[in-house]
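Shown here: my_file_3.pdb, PDB, C-alpha atoms, pLDDT in the B column.
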```
ATOM      1  CA  PRO X  26       0.000   0.000   0.000  1.00 60.00           C
ATOM      2  CA  PRO X  27       1.164   3.578  -0.601  1.00 57.00           C
ATOM      3  CA  PRO X  28       2.497   5.528   2.373  1.00 57.00           C
ATOM      4  CA  PRO X  29      -0.015   7.742   4.157  1.00 56.00           C
ATOM      5  CA  PRO X  30      -0.069  11.362   3.061  1.00 51.00           C
ATOM      6  CA  PRO X  31       2.027  13.708   5.181  1.00 47.00           C
ATOM      7  CA  ALA X  32       0.215  15.328   8.050  1.00 49.00           C
ATOM      8  CA  VAL X  33      -0.657  18.910   7.245  1.00 47.00           C
ATOM      9  CA  PRO X  34      -0.642  21.107  10.319  1.00 50.00           C
ATOM     10  CA  ASP X  35      -3.856  22.969  10.999  1.00 56.00           C
ATOM     11  CA  SER X  36      -3.248  26.623  10.208  1.00 66.00           C
ATOM     12  CA  SER X  37      -6.647  27.776  11.447  1.00 78.00           C
ATOM     13  CA  LEU X  38      -6.578  30.216  14.326  1.00 85.00           C
ATOM     14  CA  ALA X  39     -10.049  29.168  15.512  1.00 86.00           C
ATOM     15  CA  PRO X  40      -8.895  26.831  18.318  1.00 83.00           C
ATOM     16  CA  LEU X  41      -6.326  29.345  19.522  1.00 85.00           C
ATOM     17  CA  LEU X  42      -8.825  32.214  19.443  1.00 88.00           C
ATOM     18  CA  ALA X  43     -11.365  30.157  21.400  1.00 88.00           C
ATOM     19  CA  TRP X  44      -8.683  29.234  23.946  1.00 87.00           C
ATOM     20  CA  ALA X  45      -7.663  32.890  24.373  1.00 88.00           C
ATOM     21  CA  ARG X  46     -11.283  34.126  24.644  1.00 91.00           C
ATOM     22  CA  GLU X  47     -11.782  31.808  27.618  1.00 91.00           C
ATOM     23  CA  ARG X  48      -8.781  33.430  29.331  1.00 91.00           C
ATOM     24  CA  LEU X  49      -9.330  37.154  28.699  1.00 91.00           C
ATOM     25  CA  GLY X  50      -9.157  37.931  32.408  1.00 92.00           C
ATOM     26  CA  THR X  51      -5.832  36.183  32.964  1.00 90.00           C
ATOM     27  CA  ALA X  52      -2.296  37.258  32.159  1.00 86.00           C
ATOM     28  CA  LEU X  53      -1.047  35.457  29.063  1.00 83.00           C
ATOM     29  CA  THR X  54       2.447  35.150  27.643  1.00 79.00           C
ATOM     30  CA  MET X  55       3.334  34.445  24.019  1.00 73.00           C
ATOM     31  CA  ALA X  56       4.580  31.013  25.050  1.00 81.00           C
ATOM     32  CA  GLU X  57       1.106  29.931  26.177  1.00 82.00           C
ATOM     33  CA  PRO X  58      -0.788  30.350  22.888  1.00 75.00           C
ATOM     34  CA  ALA X  59       2.107  28.757  21.027  1.00 79.00           C
ATOM     35  CA  ALA X  60       2.089  25.807  23.416  1.00 81.00           C
ATOM     36  CA  CYS X  61      -1.702  25.550  23.067  1.00 74.00           C
ATOM     37  CA  ALA X  62      -1.301  25.303  19.289  1.00 72.00           C
ATOM     38  CA  ALA X  63       1.822  23.089  19.575  1.00 78.00           C
ATOM     39  CA  VAL X  64       3.878  25.453  17.397  1.00 81.00           C
ATOM     40  CA  SER X  65       6.840  27.784  17.837  1.00 85.00           C
ATOM     41  CA  GLN X  66       6.206  31.216  19.348  1.00 84.00           C
ATOM     42  CA  ALA X  67       6.724  32.880  15.967  1.00 87.00           C
ATOM     43  CA  THR X  68       3.997  30.853  14.255  1.00 86.00           C
ATOM     44  CA  PRO X  69       0.973  32.426  15.986  1.00 85.00           C
ATOM     45  CA  HIS X  70       2.421  35.869  15.291  1.00 87.00           C
ATOM     46  CA  ARG X  71       2.737  35.087  11.562  1.00 90.00           C
ATOM     47  CA  ARG X  72      -0.742  33.540  11.421  1.00 89.00           C
ATOM     48  CA  PHE X  73      -2.361  36.478  13.217  1.00 90.00           C
ATOM     49  CA  ARG X  74      -0.705  38.914  10.813  1.00 92.00           C
ATOM     50  CA  ALA X  75      -1.666  36.879   7.750  1.00 91.00           C
ATOM     51  CA  GLN X  76      -5.214  35.948   8.759  1.00 91.00           C
ATOM     52  CA  LEU X  77      -6.338  38.849  10.969  1.00 92.00           C
ATOM     53  CA  GLY X  78      -4.018  41.698   9.997  1.00 93.00           C
ATOM     54  CA  THR X  79      -2.924  42.273  13.597  1.00 93.00           C
ATOM     55  CA  THR X  80      -0.608  40.876  16.226  1.00 90.00           C
ATOM     56  CA  PRO X  81      -1.692  38.433  18.944  1.00 88.00           C
ATOM     57  CA  LEU X  82      -1.350  41.237  21.508  1.00 89.00           C
ATOM     58  CA  GLY X  83      -3.395  43.614  19.348  1.00 93.00           C
ATOM     59  CA  TRP X  84      -6.147  41.024  18.949  1.00 93.00           C
ATOM     60  CA  LEU X  85      -6.132  40.185  22.668  1.00 93.00           C
ATOM     61  CA  THR X  86      -6.252  43.838  23.708  1.00 94.00           C
ATOM     62  CA  ALA X  87      -9.160  44.500  21.349  1.00 96.00           C
ATOM     63  CA  ARG X  88     -11.102  41.562  22.845  1.00 96.00           C
ATOM     64  CA  ARG X  89     -10.349  42.776  26.362  1.00 96.00           C
ATOM     65  CA  VAL X  90     -11.519  46.303  25.570  1.00 97.00           C
ATOM     66  CA  ALA X  91     -14.691  44.865  24.020  1.00 97.00           C
ATOM     67  CA  LEU X  92     -15.342  42.885  27.209  1.00 97.00           C
ATOM     68  CA  ALA X  93     -14.720  46.002  29.308  1.00 97.00           C
ATOM     69  CA  CYS X  94     -17.197  47.916  27.151  1.00 97.00           C
ATOM     70  CA  ARG X  95     -19.849  45.216  27.626  1.00 97.00           C
ATOM     71  CA  LEU X  96     -19.338  45.324  31.385  1.00 97.00           C
ATOM     72  CA  MET X  97     -19.721  49.115  31.463  1.00 97.00           C
ATOM     73  CA  GLU X  98     -22.766  48.936  29.184  1.00 97.00           C
ATOM     74  CA  ALA X  99     -24.301  46.436  31.630  1.00 97.00           C
ATOM     75  CA  GLY X 100     -23.806  48.958  34.429  1.00 95.00           C
ATOM     76  CA  GLU X 101     -20.714  47.757  36.308  1.00 95.00           C
ATOM     77  CA  PRO X 102     -19.800  50.929  38.242  1.00 94.00           C
ATOM     78  CA  ARG X 103     -16.261  50.123  39.400  1.00 96.00           C
ATOM     79  CA  LEU X 104     -13.514  50.696  36.842  1.00 97.00           C
ATOM     80  CA  ASP X 105     -11.006  48.647  38.821  1.00 97.00           C
ATOM     81  CA  ARG X 106     -13.388  45.678  38.697  1.00 97.00           C
ATOM     82  CA  VAL X 107     -14.007  46.145  34.950  1.00 97.00           C
ATOM     83  CA  ALA X 108     -10.247  46.313  34.356  1.00 97.00           C
ATOM     84  CA  ARG X 109      -9.585  43.187  36.422  1.00 96.00           C
ATOM     85  CA  ILE X 110     -12.385  41.083  34.895  1.00 96.00           C
ATOM     86  CA  SER X 111     -11.475  42.100  31.343  1.00 96.00           C
ATOM     87  CA  GLY X 112      -7.779  41.416  31.833  1.00 95.00           C
ATOM     88  CA  LEU X 113      -6.723  45.022  31.251  1.00 95.00           C
ATOM     89  CA  GLY X 114      -5.085  45.203  34.666  1.00 94.00           C
ATOM     90  CA  THR X 115      -5.686  48.543  36.331  1.00 96.00           C
ATOM     91  CA  ALA X 116      -8.251  51.311  35.977  1.00 97.00           C
ATOM     92  CA  ALA X 117      -5.492  53.484  34.489  1.00 97.00           C
ATOM     93  CA  ASP X 118      -4.752  50.831  31.843  1.00 97.00           C
ATOM     94  CA  LEU X 119      -8.472  50.549  31.115  1.00 97.00           C
ATOM     95  CA  ARG X 120      -8.780  54.316  30.684  1.00 97.00           C
ATOM     96  CA  ALA X 121      -5.818  54.427  28.311  1.00 98.00           C
ATOM     97  CA  GLN X 122      -6.944  51.479  26.180  1.00 97.00           C
ATOM     98  CA  LEU X 123     -10.577  52.624  26.059  1.00 97.00           C
ATOM     99  CA  ARG X 124      -9.566  56.097  24.929  1.00 97.00           C
ATOM    100  CA  ARG X 125      -7.137  54.645  22.356  1.00 97.00           C
ATOM    101  CA  ARG X 126      -9.712  52.248  20.915  1.00 96.00           C
ATOM    102  CA  THR X 127     -12.974  54.219  21.210  1.00 96.00           C
ATOM    103  CA  GLY X 128     -11.813  57.810  21.508  1.00 97.00           C
ATOM    104  CA  LEU X 129     -13.790  58.160  24.742  1.00 97.00           C
ATOM    105  CA  PRO X 130     -12.866  58.193  28.409  1.00 97.00           C
ATOM    106  CA  PRO X 131     -14.877  55.772  30.582  1.00 96.00           C
ATOM    107  CA  SER X 132     -17.223  58.477  31.885  1.00 95.00           C
ATOM    108  CA  ALA X 133     -18.213  59.567  28.364  1.00 97.00           C
ATOM    109  CA  TYR X 134     -18.487  55.946  27.225  1.00 97.00           C
ATOM    110  CA  ARG X 135     -20.866  55.184  30.110  1.00 95.00           C
ATOM    111  CA  ARG X 136     -22.991  58.274  29.395  1.00 95.00           C
ATOM    112  CA  ARG X 137     -23.288  57.297  25.755  1.00 96.00           C
ATOM    113  CA  PHE X 138     -23.685  53.505  26.000  1.00 96.00           C
ATOM    114  CA  GLY X 139     -24.433  52.648  29.628  1.00 93.00           C
ATOM    115  CA  PRO X 140     -27.815  51.722  31.050  1.00 90.00           C
ATOM    116  CA  ALA X 141     -30.310  54.561  31.172  1.00 78.00           C
TER     117      ALA X 141
END
```

Please, can you express the file's structure as structure tokens?
Amino acid sequence: PPPPPPAVPDSSLAPLLAWARERLGTALTMAEPAACAAVSQATPHRRFRAQLGTTPLGWLTARRVALACRLMEAGEPRLDRVARISGLGTAADLRAQLRRRTGLPPSAYRRRFGPA
């Protein structure tokens, strides 16, 4: 019988993205997603750039800011809690990332999108 075809590694980011989404509130290193995907640390970086047009850190930060926004929209009043749950660290980090990504400070974001 002919030899089996060579194994083709899965280049989809879907499993890695799902894994990272489940860990938004925890500190992650570049070694962890690479280990999750059983590839070198450079491979996820290349795949993110090619498939999503961003870096792993850029993607992760965007997801964390989105989670922070959902928490504020739901009425969570404490910025330190929003920052901790979303994985952004401190209220100061949350303020900086929110302003960078939405153009709004938390108070303006809450006025515009928070519960009435």

(request) Might you pull out every residue within 6 Å of region 100-114 of chain X, with all atoms listed in the file counted and same-chain residues fewer than 2 positions away left off, and present them as a ChimeraX atom specification? (result) /X:49-51,89,92-93,96-98,116,119,140

(request) Rank X:Leu77, X:Ala39, X:Ala91, X:Leu85 by their smallest atom-to-atom distance to Met55 (chain X), using only C-alpha atoms, and report the top residue only. (result) X:Leu85

(message) Within 9 Å of (-4.9, 38.3, 15.5) (file coordinates; all atoms listed in the file), which protein or nucleic acid residues are there? I'd like them as a ChimeraX atom specification.
(response) /X:38,42,69-70,72-85

(message) For this structure, which residues satisfy the selection - the PyMOL selection byres ((chain X and resi 138) around 10) - when it is evaluated on the file as given? I want them as a list in words.
(response)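 Residues picked by the PyMOL selection byres ((chain X and resi 138) around 10): Cys94, Arg95, Met97, Glu98, Ala99, Gly100, Ala133, Tyr134, Arg135, Arg136, Arg137, Gly139, Pro140 and Ala141 of chain X.
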
(request) Can you work out the spacing between CA of Trp44 (chain X) and CA of Ala63 (chain X) in Å, to one decimal? (result)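 Pair CA of Trp44 (chain X) / CA of Ala63 (chain X) returns 12.9 Å.
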
(message) Report, in Å with one decimal, the straight-line distance from CA of Ala56 (chain X) to CA of Val90 (chain X).
(response)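 Separating CA of Ala56 (chain X) from CA of Val90 (chain X) is a distance of 22.2 Å.
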
(request) Could you please determine the separation between CA of Arg120 (chain X) and CA of Leu53 (chain X) in Å, to one decimal place? (result)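 Result for CA of Arg120 (chain X) versus CA of Leu53 (chain X): 20.4 Å, one decimal.
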
(request) Rank nothing, just name the residue among X:Ala117, X:Leu41, X:Leu123, X:Ala87 nearest to Val64 (chain X), using all atoms listed in the file. (result)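 Using all atoms listed in the file, Val64 (chain X) sits closest to X:Leu41.
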
Where's the centre, and what are the edge lengths in Å to one decimal, of a box along x, y and z enclosing all listed atoms of region 53-63 of chain X padded 6 Å per side, as JSON?
```
{"center_x": 1.4, "center_y": 29.3, "center_z": 24.2, "size_x": 18.3, "size_y": 24.4, "size_z": 21.8}
```

(request) Considering only C-alpha atoms, state which residue in the set X:Arg46, X:Thr86, X:Gln122, X:Ser132 is at the smallest distance from Pro58 (chain X). (result)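 Ranked by minimum distance to Pro58 (chain X), first place goes to X:Arg46.
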